[in-house]
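Shown next: data_21.cif, given as mmCIF, C-alpha atoms, pLDDT in the B column; chains and numbers go by the auth columns.
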```
data_target
loop_
_atom_site.group_PDB
_atom_site.id
_atom_site.type_symbol
_atom_site.label_atom_id
_atom_site.label_comp_id
_atom_site.label_asym_id
_atom_site.label_seq_id
_atom_site.Cartn_x
_atom_site.Cartn_y
_atom_site.Cartn_z
_atom_site.B_iso_or_equiv
_atom_site.auth_seq_id
_atom_site.auth_asym_id
ATOM 1 C CA MET A 1 182.657 5.453 85.087 69.00 207 A
ATOM 2 C CA PRO A 2 185.052 5.014 88.016 72.00 208 A
ATOM 3 C CA LEU A 3 188.774 5.216 87.381 81.00 209 A
ATOM 4 C CA CYS A 4 189.305 1.766 88.885 86.00 210 A
ATOM 5 C CA ASP A 5 187.447 -0.756 91.011 87.00 211 A
ATOM 6 C CA VAL A 6 189.827 -1.444 93.897 86.00 212 A
ATOM 7 C CA GLN A 7 187.437 -3.921 95.497 87.00 213 A
ATOM 8 C CA ALA A 8 187.293 -5.997 92.319 88.00 214 A
ATOM 9 C CA GLN A 9 191.078 -5.800 91.894 86.00 215 A
ATOM 10 C CA ASN A 10 191.706 -7.017 95.444 86.00 216 A
ATOM 11 C CA ARG A 11 188.989 -9.676 95.594 90.00 217 A
ATOM 12 C CA ASP A 12 191.297 -12.577 94.643 92.00 218 A
ATOM 13 C CA LEU A 13 194.143 -11.155 96.721 92.00 219 A
ATOM 14 C CA GLU A 14 192.173 -10.446 99.879 93.00 220 A
ATOM 15 C CA LYS A 15 193.353 -13.470 101.870 94.00 221 A
ATOM 16 C CA PRO A 16 197.103 -13.128 101.104 93.00 222 A
ATOM 17 C CA LEU A 17 196.916 -9.344 101.600 90.00 223 A
ATOM 18 C CA ARG A 18 195.279 -9.755 105.004 93.00 224 A
ATOM 19 C CA GLU A 19 197.863 -12.389 105.990 94.00 225 A
ATOM 20 C CA ALA A 20 200.732 -10.097 104.960 90.00 226 A
ATOM 21 C CA VAL A 21 199.291 -7.127 106.865 91.00 227 A
ATOM 22 C CA GLU A 22 198.764 -9.308 109.948 94.00 228 A
ATOM 23 C CA ARG A 23 202.384 -10.539 109.789 92.00 229 A
ATOM 24 C CA VAL A 24 203.617 -6.949 109.707 90.00 230 A
ATOM 25 C CA LEU A 25 201.299 -5.881 112.533 91.00 231 A
ATOM 26 C CA ARG A 26 202.358 -8.844 114.699 92.00 232 A
ATOM 27 C CA SER A 27 206.048 -8.156 114.112 90.00 233 A
ATOM 28 C CA GLY A 28 205.697 -4.428 114.782 89.00 234 A
ATOM 29 C CA GLN A 29 208.276 -3.803 112.070 87.00 235 A
ATOM 30 C CA VAL A 30 206.561 -1.480 109.607 81.00 236 A
ATOM 31 C CA ILE A 31 209.768 0.010 108.181 84.00 237 A
ATOM 32 C CA LEU A 32 212.218 -2.305 106.451 85.00 238 A
ATOM 33 C CA GLY A 33 212.089 -5.790 107.934 87.00 239 A
ATOM 34 C CA PRO A 34 211.611 -9.224 106.376 88.00 240 A
ATOM 35 C CA GLU A 35 208.443 -8.363 104.420 88.00 241 A
ATOM 36 C CA VAL A 36 210.151 -5.451 102.631 88.00 242 A
ATOM 37 C CA GLU A 37 213.278 -7.524 102.028 91.00 243 A
ATOM 38 C CA ALA A 38 211.201 -10.326 100.496 91.00 244 A
ATOM 39 C CA LEU A 39 209.347 -7.847 98.262 89.00 245 A
ATOM 40 C CA GLU A 40 212.600 -6.239 97.094 93.00 246 A
ATOM 41 C CA GLU A 41 214.027 -9.671 96.250 96.00 247 A
ATOM 42 C CA GLU A 42 210.878 -10.636 94.319 95.00 248 A
ATOM 43 C CA ILE A 43 210.922 -7.367 92.378 93.00 249 A
ATOM 44 C CA ALA A 44 214.618 -7.762 91.525 96.00 250 A
ATOM 45 C CA HIS A 45 214.012 -11.320 90.327 97.00 251 A
ATOM 46 C CA TYR A 46 210.955 -10.261 88.296 96.00 252 A
ATOM 47 C CA CYS A 47 212.941 -7.440 86.642 94.00 253 A
ATOM 48 C CA GLY A 48 216.057 -9.553 86.115 96.00 254 A
ATOM 49 C CA ALA A 49 218.034 -7.114 88.245 94.00 255 A
ATOM 50 C CA GLY A 50 220.628 -7.670 90.917 94.00 256 A
ATOM 51 C CA TYR A 51 218.730 -5.578 93.452 91.00 257 A
ATOM 52 C CA GLY A 52 215.302 -4.150 94.106 91.00 258 A
ATOM 53 C CA ILE A 53 214.831 -1.086 96.278 88.00 259 A
ATOM 54 C CA GLY A 54 211.527 -0.241 97.908 86.00 260 A
ATOM 55 C CA GLY A 55 210.505 3.350 98.445 86.00 261 A
ATOM 56 C CA SER A 56 207.711 5.056 100.282 86.00 262 A
ATOM 57 C CA SER A 57 205.961 6.366 97.167 91.00 263 A
ATOM 58 C CA GLY A 58 206.037 6.597 93.403 90.00 264 A
ATOM 59 C CA SER A 59 207.519 10.071 93.735 92.00 265 A
ATOM 60 C CA ASP A 60 210.385 8.685 95.824 91.00 266 A
ATOM 61 C CA ALA A 61 210.936 5.984 93.194 89.00 267 A
ATOM 62 C CA LEU A 62 211.248 8.637 90.488 90.00 268 A
ATOM 63 C CA LEU A 63 213.647 10.682 92.627 89.00 269 A
ATOM 64 C CA LEU A 64 215.789 7.578 93.244 86.00 270 A
ATOM 65 C CA ALA A 65 215.901 6.823 89.517 86.00 271 A
ATOM 66 C CA LEU A 66 216.921 10.404 88.720 89.00 272 A
ATOM 67 C CA ALA A 67 219.577 10.380 91.440 88.00 273 A
ATOM 68 C CA ALA A 68 220.934 7.050 90.173 86.00 274 A
ATOM 69 C CA ARG A 69 221.435 8.652 86.755 86.00 275 A
ATOM 70 C CA ALA A 70 222.887 11.811 88.374 85.00 276 A
ATOM 71 C CA ILE A 71 220.132 13.932 86.843 84.00 277 A
ATOM 72 C CA ALA A 72 219.722 17.189 88.747 78.00 278 A
ATOM 73 C CA PRO A 73 217.266 20.067 88.296 78.00 279 A
ATOM 74 C CA GLY A 74 218.103 21.949 85.087 76.00 280 A
ATOM 75 C CA ASN A 75 220.309 19.143 83.826 72.00 281 A
ATOM 76 C CA ALA A 76 218.246 18.078 80.794 63.00 282 A
ATOM 77 C CA SER A 77 221.406 17.079 78.903 62.00 283 A
ATOM 78 C CA SER A 78 221.665 14.052 81.222 54.00 284 A
ATOM 79 C CA CYS A 79 218.355 12.686 79.900 58.00 285 A
ATOM 80 C CA VAL A 80 219.584 10.240 77.302 57.00 286 A
ATOM 81 C CA ALA A 81 217.999 6.980 76.228 56.00 287 A
ATOM 82 C CA VAL A 82 219.514 3.873 77.775 53.00 288 A
ATOM 83 C CA ASN A 83 219.109 0.601 75.943 49.00 289 A
#
```
Could you take the file, read its structure, and then write that structure out as structure tokens?
Amino acid sequence: MPLCDVQAQNRDLEKPLREAVERVLRSGQVILGPEVEALEEEIAHYCGAGYGIGGSSGSDALLLALAARAIAPGNASSCVAVN
């Protein structure tokens, strides 16, 4: 059994995904730019947050979250629950 069926997941999104990729390719702006800004705004709105910050990977997102909480290597005492 495959872990996930990416083709099935993207089937309904194929047209908007292609349009978004084409907009980025036409603009030549693959880092930052209006597409990233729009995504960050949508994510912030979805999460009920003031800001959304895009990163290059899930690992970068985790590092940003740890840095935001000032959690450094060996600093397990900083890992407290936040409600």
Requested in this report: Neighbourhood query: residues within 10 Å of (206.9, 2.5, 101.0), file coordinates, counting only C-alpha atoms; return as a PyMOL selection string.
Outcome: chain A and resi 236-238+242+259-264+266-267
Report summary line: Here atom CA of Ala278 of chain A and atom CA of Tyr252 of chain A stand apart by 28.8 Å
**Report entry** Given all atoms listed in the file as the counted atoms, nearest of A:Glu241, A:Pro279, A:Ala255, A:Glu246 to Glu225 of chain A
**Finding:** A:Glu241
Could you put an axis-aligned box around every listed atom of segment 242-261 of chain A, padded by 6 Å on each side, and send me its centre and edge lengths in Å to one decimal, as AutoDock Vina command-line options?
```
--center_x 215.0 --center_y -4.0 --center_z 94.4 --size_x 23.3 --size_y 26.7 --size_z 28.5
```
Report task. Give me the residues within 12 Å of Pro240 of chain A as a PyMOL selection string, counting all atoms listed in the file and dropping any in the same chain fewer than 5 places off. Result -> chain A and resi 226+229-230+233-235+245-247
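Going from atom CA of Arg232 of chain A to atom CA of Ala244 of chain A covers 16.8 Å.
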Query raised in the report: Please, what distance in Å, to one decimal, runs between atom CA of Ala273 of chain A and atom CA of Gly256 of chain A?
Result: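 Straight-line distance from atom CA of Ala273 of chain A to atom CA of Gly256 of chain A works out to 18.1 Å.
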